[in-house]
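Have a look at start04.csv; it's CSV, C-alpha atoms:
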chain,number,residue,atom,x,y,z
A,1146,MET,CA,0.0,0.0,0.0
A,1147,GLN,CA,1.2,3.5,-0.8
A,1148,GLY,CA,0.1,5.7,2.1
A,1149,PHE,CA,1.3,8.9,0.5
A,1150,THR,CA,0.2,9.8,-3.0
A,1151,ARG,CA,-0.6,13.0,-5.0
A,1152,ARG,CA,-3.9,14.4,-6.2
A,1153,ASP,CA,-3.8,17.3,-8.5
A,1154,GLY,CA,-0.1,17.7,-7.4
A,1155,VAL,CA,-0.9,17.9,-3.7
A,1156,LEU,CA,0.4,15.4,-1.3
A,1157,TYR,CA,-2.2,13.2,0.5
A,1158,CYS,CA,-1.8,10.8,3.4
A,1159,GLU,CA,-4.4,8.2,2.5
A,1160,GLY,CA,-7.6,10.3,2.1
A,1161,VAL,CA,-6.4,13.4,3.9
A,1162,ASN,CA,-4.7,16.5,2.3
A,1163,ALA,CA,-1.3,17.1,4.0
A,1164,GLU,CA,-1.8,20.9,3.7
A,1165,VAL,CA,-4.9,20.5,5.8
A,1166,LEU,CA,-3.0,18.5,8.4
A,1167,ALA,CA,-0.2,21.1,8.5
A,1168,ARG,CA,-2.7,23.9,9.1
A,1169,ALA,CA,-4.8,22.1,11.6
A,1170,ALA,CA,-2.0,20.3,13.6
A,1171,GLY,CA,0.7,22.8,13.1
A,1172,THR,CA,4.3,22.2,12.1
A,1173,PRO,CA,6.5,20.5,12.7
A,1174,THR,CA,4.4,17.4,13.0
A,1175,TYR,CA,4.8,13.7,12.3
A,1176,VAL,CA,2.0,12.1,10.2
A,1177,TYR,CA,1.5,8.3,10.1
A,1178,SER,CA,-0.6,6.1,7.8
A,1179,ALA,CA,-2.4,3.3,9.6
A,1180,GLY,CA,-3.0,1.6,6.3
A,1181,VAL,CA,0.7,1.2,5.6
A,1182,ILE,CA,1.3,-0.3,9.0
A,1183,ARG,CA,-1.5,-2.8,8.6
A,1184,ASP,CA,-0.4,-3.7,5.1
A,1185,ARG,CA,3.2,-4.4,6.2
A,1186,ASP,CA,1.9,-6.6,9.1
A,1187,THR,CA,-0.3,-8.6,6.7
A,1188,ARG,CA,2.5,-9.1,4.2
A,1189,LEU,CA,5.1,-10.1,6.7
A,1190,THR,CA,2.8,-12.5,8.5
A,1191,ALA,CA,1.9,-14.1,5.2
A,1192,SER,CA,5.6,-14.7,4.5
A,1193,LEU,CA,6.0,-16.7,7.8
A,1194,LYS,CA,3.0,-19.0,7.3
A,1195,ALA,CA,5.2,-22.1,6.8
A,1196,ALA,CA,6.0,-22.2,10.5
A,1197,PRO,CA,4.2,-21.5,13.8
A,1198,HIS,CA,5.1,-17.9,14.5
A,1199,ARG,CA,4.4,-14.6,16.3
A,1200,VAL,CA,5.4,-11.1,15.2
A,1201,HIS,CA,6.6,-8.8,18.0
A,1202,TYR,CA,6.8,-5.2,16.9
A,1203,SER,CA,10.0,-3.4,18.2
A,1204,LEU,CA,8.9,-0.3,20.2
A,1205,LYS,CA,12.4,1.3,19.9
A,1206,ALA,CA,11.5,2.2,16.2
A,1207,ASN,CA,8.5,4.2,17.3
A,1208,SER,CA,6.6,3.8,20.6
A,1209,CYS,CA,3.7,6.1,19.7
A,1210,ARG,CA,0.4,5.0,21.4
A,1211,GLY,CA,-1.5,5.4,18.2
A,1212,ILE,CA,0.9,3.0,16.3
A,1213,LEU,CA,0.7,0.5,19.2
A,1214,GLU,CA,-3.1,0.5,19.1
A,1215,VAL,CA,-3.1,-0.2,15.3
A,1216,LEU,CA,-0.7,-3.2,15.8
A,1217,ARG,CA,-2.3,-4.6,18.9
A,1218,THR,CA,-5.7,-4.6,17.0
A,1219,ALA,CA,-4.0,-6.4,14.1
A,1220,GLY,CA,-2.8,-9.1,16.5
A,1221,SER,CA,0.9,-8.2,16.8
A,1222,GLY,CA,2.9,-8.7,20.0
A,1223,VAL,CA,5.7,-6.3,21.0
A,1224,ASP,CA,9.4,-6.2,21.8
A,1225,VAL,CA,10.6,-3.7,24.4
A,1226,VAL,CA,14.1,-2.8,25.6
A,1227,SER,CA,13.4,-0.7,28.7
A,1228,GLY,CA,11.1,-0.4,31.7
A,1229,GLY,CA,9.6,2.7,30.1
A,1230,GLU,CA,8.8,0.8,26.9
A,1231,LEU,CA,7.3,-2.0,29.0
A,1232,PHE,CA,5.1,0.6,30.7
A,1233,ARG,CA,4.0,2.0,27.4
A,1234,ALA,CA,3.2,-1.5,26.0
A,1235,LEU,CA,1.1,-2.4,29.0
A,1236,ARG,CA,-0.7,0.9,28.9
A,1237,ALA,CA,-1.5,0.4,25.3
A,1238,GLY,CA,-3.3,-2.9,26.2
A,1239,PHE,CA,-0.7,-5.5,25.5
A,1240,LYS,CA,-0.6,-8.4,28.0
A,1241,GLY,CA,2.5,-10.0,29.5
A,1242,GLU,CA,2.4,-12.9,27.1
A,1243,ASP,CA,2.5,-10.5,24.2
A,1244,ILE,CA,5.8,-9.0,25.3
A,1245,LEU,CA,9.5,-9.8,24.7
A,1246,PHE,CA,11.9,-7.8,26.9
A,1247,GLY,CA,15.4,-7.3,25.5
A,1248,GLY,CA,18.2,-4.9,26.0
A,1249,VAL,CA,21.9,-5.1,26.9
A,1250,GLY,CA,21.8,-3.1,30.2
A,1251,LYS,CA,18.6,-4.0,32.1
A,1252,GLN,CA,18.4,-2.6,35.6
A,1253,ALA,CA,17.1,-4.6,38.6
A,1254,HIS,CA,13.9,-2.6,38.9
A,1255,GLU,CA,13.2,-3.2,35.1
A,1256,LEU,CA,13.7,-6.9,35.5
A,1257,ARG,CA,11.4,-6.9,38.5
A,1258,GLU,CA,8.8,-5.1,36.5
A,1259,ALA,CA,9.2,-7.7,33.6
A,1260,ILE,CA,8.9,-10.6,36.0
A,1261,LEU,CA,5.8,-9.2,37.7
A,1262,ALA,CA,4.2,-8.5,34.3
A,1263,GLY,CA,4.8,-12.1,33.3
A,1264,VAL,CA,6.4,-11.3,30.0
A,1265,LYS,CA,6.7,-14.0,27.4
A,1266,LEU,CA,10.5,-13.9,27.4
A,1267,ILE,CA,13.3,-11.9,29.0
A,1268,ASN,CA,16.1,-12.1,26.4
A,1269,VAL,CA,19.2,-12.2,28.5
A,1270,GLU,CA,22.6,-10.8,27.3
A,1271,SER,CA,25.1,-12.1,29.9
A,1272,GLU,CA,25.6,-14.7,32.7
A,1273,ALA,CA,25.5,-11.9,35.3
A,1274,GLU,CA,22.1,-10.9,34.1
A,1275,LEU,CA,20.9,-14.6,34.3
A,1276,ARG,CA,22.0,-14.7,37.9
A,1277,MET,CA,20.3,-11.5,38.7
A,1278,ILE,CA,17.0,-12.7,37.2
A,1279,SER,CA,17.2,-15.9,39.2
A,1280,GLN,CA,17.7,-14.0,42.4
A,1281,LEU,CA,14.9,-11.5,41.7
A,1282,ALA,CA,12.5,-14.1,40.6
A,1283,GLY,CA,13.1,-16.1,43.8
A,1284,GLU,CA,12.6,-13.0,45.9
A,1285,LEU,CA,9.2,-12.4,44.1
A,1286,GLY,CA,8.2,-16.1,44.3
A,1287,ARG,CA,8.1,-16.4,40.5
A,1288,THR,CA,9.7,-18.3,37.8
A,1289,ALA,CA,11.1,-16.2,34.9
A,1290,THR,CA,11.0,-17.5,31.3
A,1291,VAL,CA,14.1,-16.4,29.6
A,1292,GLY,CA,15.8,-16.5,26.2
A,1293,MET,CA,19.5,-16.0,25.6
A,1294,ARG,CA,20.5,-13.4,23.1
A,1295,ILE,CA,23.4,-14.9,21.2
A,1296,ASN,CA,25.9,-12.9,19.2
A,1297,PRO,CA,26.3,-15.3,16.2
A,1298,GLU,CA,29.4,-13.4,15.0
A,1299,VAL,CA,28.3,-13.4,11.3
A,1300,ASP,CA,29.2,-11.0,8.6
A,1301,VAL,CA,26.7,-8.1,8.6
A,1302,GLN,CA,26.3,-6.0,5.5
A,1303,ASN,CA,24.3,-2.8,6.1
A,1304,ALA,CA,24.4,0.9,5.5
A,1305,HIS,CA,26.1,2.1,8.7
A,1306,ALA,CA,28.4,0.7,11.4
A,1307,TYR,CA,26.1,2.0,14.2
A,1308,ILE,CA,23.3,-0.4,13.1
A,1309,ALA,CA,25.3,-3.6,12.8
A,1310,THR,CA,25.0,-5.6,16.0
A,1311,GLY,CA,25.9,-9.3,15.2
A,1312,GLU,CA,29.5,-9.2,14.4
A,1313,LYS,CA,32.4,-10.3,16.6
A,1314,GLY,CA,33.3,-7.9,19.3
A,1315,HIS,CA,29.9,-6.0,19.5
A,1316,LYS,CA,28.5,-5.2,23.0
A,1317,PHE,CA,25.3,-7.1,22.2
A,1318,GLY,CA,24.5,-10.7,23.2
A,1319,ILE,CA,26.5,-13.6,24.5
A,1320,PRO,CA,29.4,-14.5,22.2
A,1321,ILE,CA,28.7,-17.7,20.4
A,1322,GLY,CA,31.8,-19.3,21.8
A,1323,GLU,CA,30.6,-18.8,25.3
A,1324,ALA,CA,27.0,-19.6,24.7
A,1325,GLU,CA,26.9,-23.3,25.6
A,1326,ALA,CA,28.6,-22.7,28.9
A,1327,VAL,CA,26.2,-19.8,29.8
A,1328,GLY,CA,23.3,-22.1,28.7
A,1329,LYS,CA,24.5,-24.7,31.2
A,1330,VAL,CA,24.5,-22.0,33.9
A,1331,ALA,CA,20.9,-21.1,33.0
A,1332,ILE,CA,19.7,-24.7,33.1
A,1333,GLY,CA,21.2,-25.0,36.6
A,1334,LEU,CA,19.8,-21.9,38.1
A,1335,PRO,CA,16.6,-21.9,40.2
A,1336,HIS,CA,13.6,-19.7,39.3
A,1337,ILE,CA,14.5,-19.7,35.6
A,1338,THR,CA,13.2,-21.5,32.5
A,1339,LEU,CA,15.4,-21.3,29.4
A,1340,ALA,CA,12.9,-21.4,26.6
A,1341,ALA,CA,14.5,-19.6,23.7
A,1342,LEU,CA,17.6,-18.6,21.8
A,1343,ASP,CA,17.6,-15.1,20.2
A,1344,MET,CA,19.7,-13.0,17.9
A,1345,HIS,CA,19.5,-9.6,16.3
A,1346,VAL,CA,22.3,-9.2,13.8
A,1347,GLY,CA,21.6,-5.6,12.7
A,1348,SER,CA,19.3,-3.2,10.8
A,1349,GLN,CA,18.9,-2.4,7.1
A,1350,LEU,CA,20.5,-5.7,6.1
A,1351,HIS,CA,21.4,-5.7,2.5
A,1352,SER,CA,21.6,-9.5,2.4
A,1353,PHE,CA,19.6,-12.3,4.1
A,1354,GLU,CA,22.7,-14.4,4.5
A,1355,ALA,CA,23.3,-13.1,8.0
A,1356,TYR,CA,19.8,-14.6,8.9
A,1357,ARG,CA,20.7,-17.9,7.3
A,1358,ALA,CA,24.1,-18.2,9.0
A,1359,GLY,CA,22.9,-16.8,12.3
A,1360,THR,CA,19.7,-19.0,12.6
A,1361,ALA,CA,21.7,-22.1,11.7
A,1362,ARG,CA,24.0,-21.4,14.7
A,1363,LEU,CA,21.0,-20.9,16.9
A,1364,VAL,CA,19.5,-24.2,15.8
A,1365,GLU,CA,22.7,-26.1,16.4
A,1366,LEU,CA,23.1,-24.6,19.9
A,1367,SER,CA,19.5,-25.1,20.8
A,1368,LEU,CA,19.7,-28.8,20.0
A,1369,LYS,CA,22.8,-29.1,22.3
A,1370,LEU,CA,21.0,-27.3,25.1
A,1371,ARG,CA,17.9,-29.4,24.8
A,1372,THR,CA,20.0,-32.5,25.4
A,1373,LEU,CA,21.2,-30.9,28.6
A,1374,GLY,CA,17.6,-30.3,29.8
A,1375,ALA,CA,16.6,-26.9,28.4
A,1376,PRO,CA,13.0,-26.8,27.3
A,1377,ILE,CA,13.7,-24.6,24.3
A,1378,ARG,CA,10.4,-24.0,22.4
A,1379,TYR,CA,11.1,-20.6,20.6
A,1380,LEU,CA,13.6,-19.5,18.0
A,1381,ASP,CA,13.8,-15.7,17.9
A,1382,SER,CA,15.5,-14.4,14.7
A,1383,GLY,CA,15.2,-10.7,15.7
A,1384,GLY,CA,14.5,-7.8,13.4
A,1385,GLY,CA,16.5,-6.0,10.7
A,1386,LEU,CA,14.4,-6.1,7.6
A,1387,PRO,CA,15.4,-3.2,5.4
A,1388,VAL,CA,13.2,-0.4,4.0
A,1389,PRO,CA,14.0,1.8,0.9
A,1390,TYR,CA,14.8,5.4,1.7
A,1391,ASP,CA,15.8,6.3,-1.9
A,1392,ASP,CA,15.7,4.1,-5.0
A,1393,GLU,CA,16.4,0.8,-3.2
A,1394,SER,CA,14.0,-2.2,-3.7
A,1395,GLU,CA,11.6,-3.5,-1.1
A,1396,PRO,CA,12.9,-6.6,0.6
A,1397,ASP,CA,11.9,-10.0,-0.8
A,1398,LEU,CA,9.7,-11.1,2.1
A,1399,ASN,CA,9.2,-14.6,0.7
A,1400,ALA,CA,12.9,-15.2,0.5
A,1401,TYR,CA,13.3,-13.9,4.1
A,1402,GLY,CA,10.4,-16.0,5.3
A,1403,ALA,CA,11.8,-19.2,3.7
A,1404,ILE,CA,15.1,-18.8,5.6
A,1405,VAL,CA,13.7,-18.1,9.1
A,1406,THR,CA,10.8,-20.6,8.9
A,1407,ALA,CA,13.1,-23.3,7.7
A,1408,ALA,CA,15.3,-22.8,10.8
A,1409,ALA,CA,12.3,-22.8,13.1
A,1410,ASN,CA,10.9,-26.0,11.5
A,1411,ALA,CA,14.3,-27.7,11.7
A,1412,LEU,CA,14.2,-27.1,15.5
A,1413,GLY,CA,10.5,-27.8,15.9
A,1414,ALA,CA,10.0,-24.5,17.6
A,1415,GLU,CA,7.8,-21.4,17.3
A,1416,LEU,CA,9.4,-18.6,15.3
A,1417,LEU,CA,9.5,-15.1,16.9
A,1418,VAL,CA,10.4,-12.1,14.8
A,1419,GLU,CA,11.0,-8.5,15.9
A,1420,PRO,CA,10.4,-6.0,13.1
A,1421,GLY,CA,10.5,-2.3,13.9
A,1422,ARG,CA,11.6,0.0,11.1
A,1423,PHE,CA,10.0,-2.3,8.5
A,1424,PHE,CA,6.5,-1.6,9.9
A,1425,VAL,CA,6.7,2.1,10.5
A,1426,ALA,CA,9.4,3.9,8.5
A,1427,ALA,CA,7.4,4.2,5.3
A,1428,SER,CA,4.2,4.9,7.3
A,1429,GLY,CA,5.4,8.3,8.4
A,1430,VAL,CA,6.4,11.8,7.1
A,1431,LEU,CA,7.6,14.8,9.0
A,1432,LEU,CA,5.8,18.0,7.9
A,1433,THR,CA,7.9,21.1,8.3
A,1434,ARG,CA,7.4,24.7,7.1
A,1435,VAL,CA,10.0,26.8,5.4
A,1436,LEU,CA,10.7,29.9,7.6
A,1437,TYR,CA,13.4,31.6,5.6
A,1438,ARG,CA,15.3,31.3,2.4
A,1439,LYS,CA,18.7,32.9,2.1
A,1440,ALA,CA,21.9,32.7,0.2
A,1441,SER,CA,25.4,32.4,1.8
A,1442,GLY,CA,28.3,32.3,-0.4
A,1443,GLU,CA,27.3,30.0,-3.3
A,1444,LYS,CA,24.8,28.1,-1.2
A,1445,THR,CA,21.0,28.4,-0.9
A,1446,TYR,CA,19.6,27.6,2.5
A,1447,LEU,CA,16.0,26.6,3.3
A,1448,ILE,CA,15.6,27.3,7.0
A,1449,CYS,CA,12.7,25.2,8.4
A,1450,ASP,CA,10.9,24.8,11.7
A,1451,ALA,CA,12.2,21.2,12.0
A,1452,GLY,CA,15.8,20.2,12.4
A,1453,MET,CA,18.0,17.7,14.2
A,1454,THR,CA,15.9,18.0,17.4
A,1455,GLU,CA,13.0,16.5,15.4
A,1456,LEU,CA,14.8,14.2,13.0
A,1457,LEU,CA,18.3,13.2,14.1
A,1458,ARG,CA,19.0,10.6,11.5
A,1459,PRO,CA,20.5,12.8,8.7
A,1460,SER,CA,23.0,14.3,11.2
A,1461,HIS,CA,23.7,11.2,13.2
A,1462,TYR,CA,23.8,8.5,10.6
A,1463,ASP,CA,24.3,10.5,7.4
A,1464,ALA,CA,20.9,9.2,6.5
A,1465,TYR,CA,19.0,10.1,3.3
A,1466,HIS,CA,15.3,11.1,3.4
A,1467,LYS,CA,13.5,12.2,0.3
A,1468,ILE,CA,12.1,15.7,0.7
A,1469,ASP,CA,9.5,17.4,-1.5
A,1470,ALA,CA,6.9,20.1,-1.3
A,1471,VAL,CA,3.4,19.3,-0.2
A,1472,ALA,CA,1.9,21.7,-2.7
A,1473,PRO,CA,3.1,21.7,-6.3
A,1474,ARG,CA,5.9,24.2,-7.1
A,1475,SER,CA,7.4,24.8,-10.6
A,1476,GLY,CA,11.1,25.1,-11.0
A,1477,ARG,CA,14.0,23.4,-9.3
A,1478,ILE,CA,16.7,24.5,-6.9
A,1479,VAL,CA,19.7,23.0,-5.2
A,1480,ALA,CA,19.7,23.9,-1.5
A,1481,ASP,CA,20.7,22.8,2.0
A,1482,VAL,CA,17.5,22.0,4.0
A,1483,VAL,CA,18.4,23.0,7.6
A,1484,GLY,CA,16.7,23.6,10.9
A,1485,PRO,CA,16.8,26.4,13.5
A,1486,VAL,CA,19.1,24.7,16.0
A,1487,CYS,CA,22.4,26.4,16.8
A,1488,GLU,CA,24.6,23.6,15.3
A,1489,THR,CA,26.3,23.4,11.9
A,1490,GLY,CA,25.2,19.7,12.0
A,1491,ASP,CA,21.6,20.7,12.1
A,1492,PHE,CA,20.4,19.7,8.7
A,1493,LEU,CA,17.8,17.5,7.0
A,1494,ALA,CA,19.5,17.4,3.6
A,1495,LEU,CA,22.6,18.9,2.0
A,1496,ASP,CA,23.0,20.1,-1.6
A,1497,ARG,CA,19.6,18.6,-2.4
A,1498,GLU,CA,17.9,19.2,-5.7
A,1499,MET,CA,14.2,20.0,-4.9
A,1500,PRO,CA,11.2,22.1,-5.8
A,1501,ASP,CA,11.7,25.9,-5.9
A,1502,VAL,CA,10.0,26.5,-2.5
A,1503,HIS,CA,9.7,29.7,-0.6
A,1504,PRO,CA,8.9,30.8,3.0
A,1505,GLY,CA,5.5,29.5,4.1
A,1506,ASP,CA,5.6,26.4,2.0
A,1507,VAL,CA,5.3,23.0,3.7
A,1508,LEU,CA,7.9,20.3,3.0
A,1509,ALA,CA,7.4,16.6,3.6
A,1510,VAL,CA,10.4,14.6,4.8
A,1511,HIS,CA,9.5,11.0,3.8
A,1512,THR,CA,10.2,7.6,5.4
A,1513,ALA,CA,10.4,9.3,8.7
A,1514,GLY,CA,8.2,7.0,10.8
A,1515,ALA,CA,11.1,5.0,12.4
A,1516,TYR,CA,13.7,6.6,14.7
A,1517,GLY,CA,12.2,10.0,14.3
A,1518,TYR,CA,10.0,11.2,17.2
A,1519,VAL,CA,11.5,8.6,19.5
A,1520,MET,CA,15.0,10.1,19.0
A,1521,SER,CA,13.8,13.7,19.2
A,1522,SER,CA,15.2,16.0,22.0
A,1523,HIS,CA,14.7,19.2,23.9
A,1524,TYR,CA,18.0,20.6,22.8
A,1525,ASN,CA,17.8,24.4,22.6
A,1526,ALA,CA,14.7,24.1,24.8
A,1527,ARG,CA,12.5,23.1,21.9
A,1528,PRO,CA,9.2,21.4,22.8
A,1529,ARG,CA,8.7,18.1,21.1
A,1530,VAL,CA,6.2,18.0,18.2
A,1531,SER,CA,2.8,16.5,17.7
A,1532,GLU,CA,2.0,13.1,16.1
A,1533,VAL,CA,-1.0,12.5,13.9
A,1534,MET,CA,-2.5,9.2,12.7
A,1535,VAL,CA,-4.5,9.0,9.5
A,1536,ASP,CA,-6.8,6.1,8.8
A,1537,GLY,CA,-8.6,6.4,5.5
A,1538,ALA,CA,-10.4,9.7,5.4
A,1539,ARG,CA,-10.1,10.5,9.1
A,1540,TRP,CA,-7.3,11.7,11.2
A,1541,ALA,CA,-6.5,12.4,14.8
A,1542,VAL,CA,-3.7,13.9,16.9
A,1543,VAL,CA,-2.4,11.0,18.9
A,1544,THR,CA,0.4,12.8,20.7
A,1545,GLU,CA,-0.1,16.5,21.6
A,1546,ARG,CA,2.5,19.1,20.9
A,1547,GLU,CA,4.5,19.9,24.1
A,1548,THR,CA,4.4,23.4,25.6
A,1549,TYR,CA,7.0,25.6,27.3
A,1550,GLU,CA,5.5,24.5,30.6
A,1551,ASP,CA,6.3,20.9,29.7
A,1552,LEU,CA,10.0,21.8,29.4
A,1553,VAL,CA,10.2,22.9,33.1
A,1554,ARG,CA,7.5,20.7,34.6
A,1555,LEU,CA,10.0,18.4,36.5
A,1556,GLU,CA,12.3,21.2,37.7
A,1557,ALA,CA,12.4,22.1,41.3
A,1558,ALA,CA,11.9,25.9,41.7
A,1559,THR,CA,12.9,25.6,45.3
A,1560,PRO,CA,15.1,22.5,45.8
A,1561,LEU,CA,14.9,20.5,49.0
A,1562,TRP,CA,18.5,20.7,50.3
A,1563,ARG,CA,19.8,17.8,52.4
A,1564,ASN,CA,22.8,17.6,54.6
A,1565,ALA,CA,25.5,15.0,53.7
Hey, can you dump this file as structure tokens for me?
Amino acid sequence: MQGFTRRDGVLYCEGVNAEVLARAAGTPTYVYSAGVIRDRDTRLTASLKAAPHRVHYSLKANSCRGILEVLRTAGSGVDVVSGGELFRALRAGFKGEDILFGGVGKQAHELREAILAGVKLINVESEAELRMISQLAGELGRTATVGMRINPEVDVQNAHAYIATGEKGHKFGIPIGEAEAVGKVAIGLPHITLAALDMHVGSQLHSFEAYRAGTARLVELSLKLRTLGAPIRYLDSGGGLPVPYDDESEPDLNAYGAIVTAAANALGAELLVEPGRFFVAASGVLLTRVLYRKASGEKTYLICDAGMTELLRPSHYDAYHKIDAVAPRSGRIVADVVGPVCETGDFLALDREMPDVHPGDVLAVHTAGAYGYVMSSHYNARPRVSEVMVDGARWAVVTERETYEDLVRLEAATPLWRNA
């Protein structure tokens, strides 16, 4: 499904004119297409039909309540990586059995919260974490169901070093060479059930070979641990499906599905997958208004009301996002599209050919639904923007725009001083 199309040259999100949204909700604002999210869930689920499976959407891509409501209604589970994300998932109506809890540095209070919520799996990243979970579960009178996140140490081919996580030496997971020994520890600990092995080799994977190699290692290790007494019933292949930001092709879901379902069937286990970006990146645009247009040296600058505080990816990852005008404009220019933040690194695009826009025009920054709002900040004391969900011909603000008061709400005007 194409959530964003043009009618008489004007950009629409599903059945709603983006100009109308910019006027009504203000700018900057994120706009999401519910139809795109549902379509991607349907297509991914169909590609996994050869094995028992459950899709768990990864909140770190976008934890907006409106998006979680769409996916929960569609039948998705979720994957969380913090106590805050667990709180958001539960508040959105997900039950413990719908939730996987991952993350490399879980704190004791977060693990207690996960155990009390009865999450489906806590995906453990070290022997020390296993021992802490066993202790906490015993104190709470519970048994925690865990998976072990394994670093399969495979070759990862993707667009940026910061989003590769499954190569040798990365901080994530238990190194494959230590995994059997750590698995034996898990089997021997009280208050723990080792029910899964998990991996996440990276994001925006250019090749599915990392899935093939990684899941093969998980299957081999799972079979060994079963002989030692581990009741392993899940194979978690993680996330990482790519999305096109420019002229790249959409991933071949059938090829992907064939690899991960074959591994699950070889083990006789339920397959778990953790897509994030794949579901929401193409569902969202960032609408921003041009404030000023100026020349400096030989450059033309379009200064907008959105910048690195709203969308960090261009500055942080050197990421490309297509940018165009919401309303049709004749002529073309080459310009730097920048924000109002006091940083040279505050840009959305550099030396970009684009429509000949002027102050007051609204721009759409495409494929911005993943790692946009969730990575936004208050730098320069800028309130965070609103989020809008579109579903057919209707739309709603699902996250209100922050106010100046929100910036100082937690500050103590008169601190309560204590003696040492």
Worksheet entry | Within 12 Å of file point (21.8, -9.8, 36.6), counting all atoms listed in the file, expressed as a VMD selection string | chain A and resid 1249 to 1257 1267 to 1282 1331
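Considering the residues A:Leu1216, A:Ala1358, A:Val1181, A:Ala1259 and counting all atoms listed in the file, Glu1230 in chain A has its shortest atom-to-atom contact with A:Ala1259.
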Fill in: Nearest-residue call for Thr1433 in chain A, choices A:Gly1452, A:Gly1248, A:Gly1514, A:Pro1528, using only C-alpha atoms
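The answer is A:Gly1452, which sits nearest to Thr1433 in chain A.
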Discussion item. Please list as a ChimeraX atom specification every residue within 12 Å of range 1234-1240 of chain A, counting all atoms listed in the file and excluding residues in the same chain fewer than 4 positions away.
Written reply: /A:1201-1205,1207-1230,1244-1246,1258-1259,1261-1265
Worksheet item: How many Å separate CA of His1466 in chain A from CA of Ala1513 in chain A?
Response: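 Distance between the two atoms: 7.4 Å.
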Worksheet item: Which is closest to Pro1504 in chain A among A:Val1418, A:Ala1470, A:Leu1561, A:Ala1326, if we use all atoms listed in the file?
Response: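 Nearest candidate to Pro1504 in chain A out of A:Val1418, A:Ala1470, A:Leu1561, A:Ala1326: A:Ala1470.
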Fill in: Of the listed residues A:Leu1432, A:Leu1350, A:Ala1426, A:Ile1448, that which approaches Asn1162 in chain A most closely, counting all atoms listed in the file
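Selected residue with least distance to Asn1162 in chain A: A:Leu1432.
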Fill in: Distance in Å - CA of Val1435 in chain A versus CA of Ala1451 in chain A
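So the answer is 8.9 Å.
For the atom pair formed by CA of Tyr1175 in chain A and CA of Trp1540 in chain A, the distance is 12.3 Å, given to one decimal.
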Worksheet item: Within 12 Å of Ala1407 in chain A, counting only C-alpha atoms, which residues qualify if same-chain residues fewer than 4 places away don't, as a list of chain:residue names?
Response: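 Everything that qualifies: A:Ser1192, A:Leu1193, A:Lys1194, A:Ala1195, A:Ala1196, A:Pro1197, A:His1198, A:Tyr1356, A:Arg1357, A:Thr1360, A:Ala1361, A:Val1364, A:Leu1380, A:Ser1382, A:Asn1399, A:Ala1400, A:Tyr1401, A:Gly1402, A:Ala1403, A:Ala1411, A:Leu1412, A:Gly1413, A:Ala1414, A:Glu1415, A:Leu1416.
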Worksheet item: Smallest atom-to-atom distance to Gly1421 in chain A: which of A:Gln1349, A:Ser1531, A:Thr1559, A:Thr1288, using only C-alpha atoms?
Response: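 Once distances to Gly1421 in chain A are computed over only C-alpha atoms, the minimum belongs to A:Gln1349.
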Item to complete: Measuring atom to atom with all atoms listed in the file, identify which of A:Asp1463, A:Asp1469, A:Glu1556, A:Glu1419 is nearest to Gly1490 in chain A.
Response: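 Counting all atoms listed in the file, the residue closest to Gly1490 in chain A is A:Asp1463.
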Worksheet entry | Selection near Met1453 in chain A, 10 Å with all atoms listed in the file, sequence-local residues under 6 positions removed, as a list of chain:residue names | A:Pro1459, A:Ser1460, A:His1461, A:Val1483, A:Gly1484, A:Pro1485, A:Val1486, A:Glu1488, A:Gly1490, A:Asp1491, A:Phe1492, A:Leu1493, A:Gly1517, A:Met1520, A:Ser1521, A:Ser1522, A:Tyr1524
With C-alpha atoms retained, could you export that selection as an mmCIF file, in the frame of the given file?
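So the final result, stored in selection_34.cif, reads:
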data_model
loop_
_atom_site.group_PDB
_atom_site.id
_atom_site.type_symbol
_atom_site.label_atom_id
_atom_site.label_comp_id
_atom_site.auth_asym_id
_atom_site.auth_seq_id
_atom_site.Cartn_x
_atom_site.Cartn_y
_atom_site.Cartn_z
ATOM 1 C CA PRO A 1459 20.500 12.800 8.700
ATOM 2 C CA SER A 1460 23.000 14.300 11.200
ATOM 3 C CA HIS A 1461 23.700 11.200 13.200
ATOM 4 C CA VAL A 1483 18.400 23.000 7.600
ATOM 5 C CA GLY A 1484 16.700 23.600 10.900
ATOM 6 C CA PRO A 1485 16.800 26.400 13.500
ATOM 7 C CA VAL A 1486 19.100 24.700 16.000
ATOM 8 C CA GLU A 1488 24.600 23.600 15.300
ATOM 9 C CA GLY A 1490 25.200 19.700 12.000
ATOM 10 C CA ASP A 1491 21.600 20.700 12.100
ATOM 11 C CA PHE A 1492 20.400 19.700 8.700
ATOM 12 C CA LEU A 1493 17.800 17.500 7.000
ATOM 13 C CA GLY A 1517 12.200 10.000 14.300
ATOM 14 C CA MET A 1520 15.000 10.100 19.000
ATOM 15 C CA SER A 1521 13.800 13.700 19.200
ATOM 16 C CA SER A 1522 15.200 16.000 22.000
ATOM 17 C CA TYR A 1524 18.000 20.600 22.800
#
Need to verify the contact set: Met1499 in chain A, 9 Å, all atoms listed in the file, exclusion of same-chain residues closer than 2 positions in sequence. Can you return it as a PDB file with C-alpha atoms, in the coordinates of the input?
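Dumped everything to out_26.pdb:
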ATOM      1  CA  ILE A1468      12.100  15.700   0.700  1.00  0.00           C
ATOM      2  CA  ASP A1469       9.500  17.400  -1.500  1.00  0.00           C
ATOM      3  CA  ALA A1470       6.900  20.100  -1.300  1.00  0.00           C
ATOM      4  CA  GLY A1476      11.100  25.100 -11.000  1.00  0.00           C
ATOM      5  CA  ARG A1477      14.000  23.400  -9.300  1.00  0.00           C
ATOM      6  CA  ILE A1478      16.700  24.500  -6.900  1.00  0.00           C
ATOM      7  CA  VAL A1479      19.700  23.000  -5.200  1.00  0.00           C
ATOM      8  CA  ALA A1480      19.700  23.900  -1.500  1.00  0.00           C
ATOM      9  CA  ARG A1497      19.600  18.600  -2.400  1.00  0.00           C
ATOM     10  CA  ASP A1501      11.700  25.900  -5.900  1.00  0.00           C
ATOM     11  CA  VAL A1502      10.000  26.500  -2.500  1.00  0.00           C
TER      12      VAL A1502
END
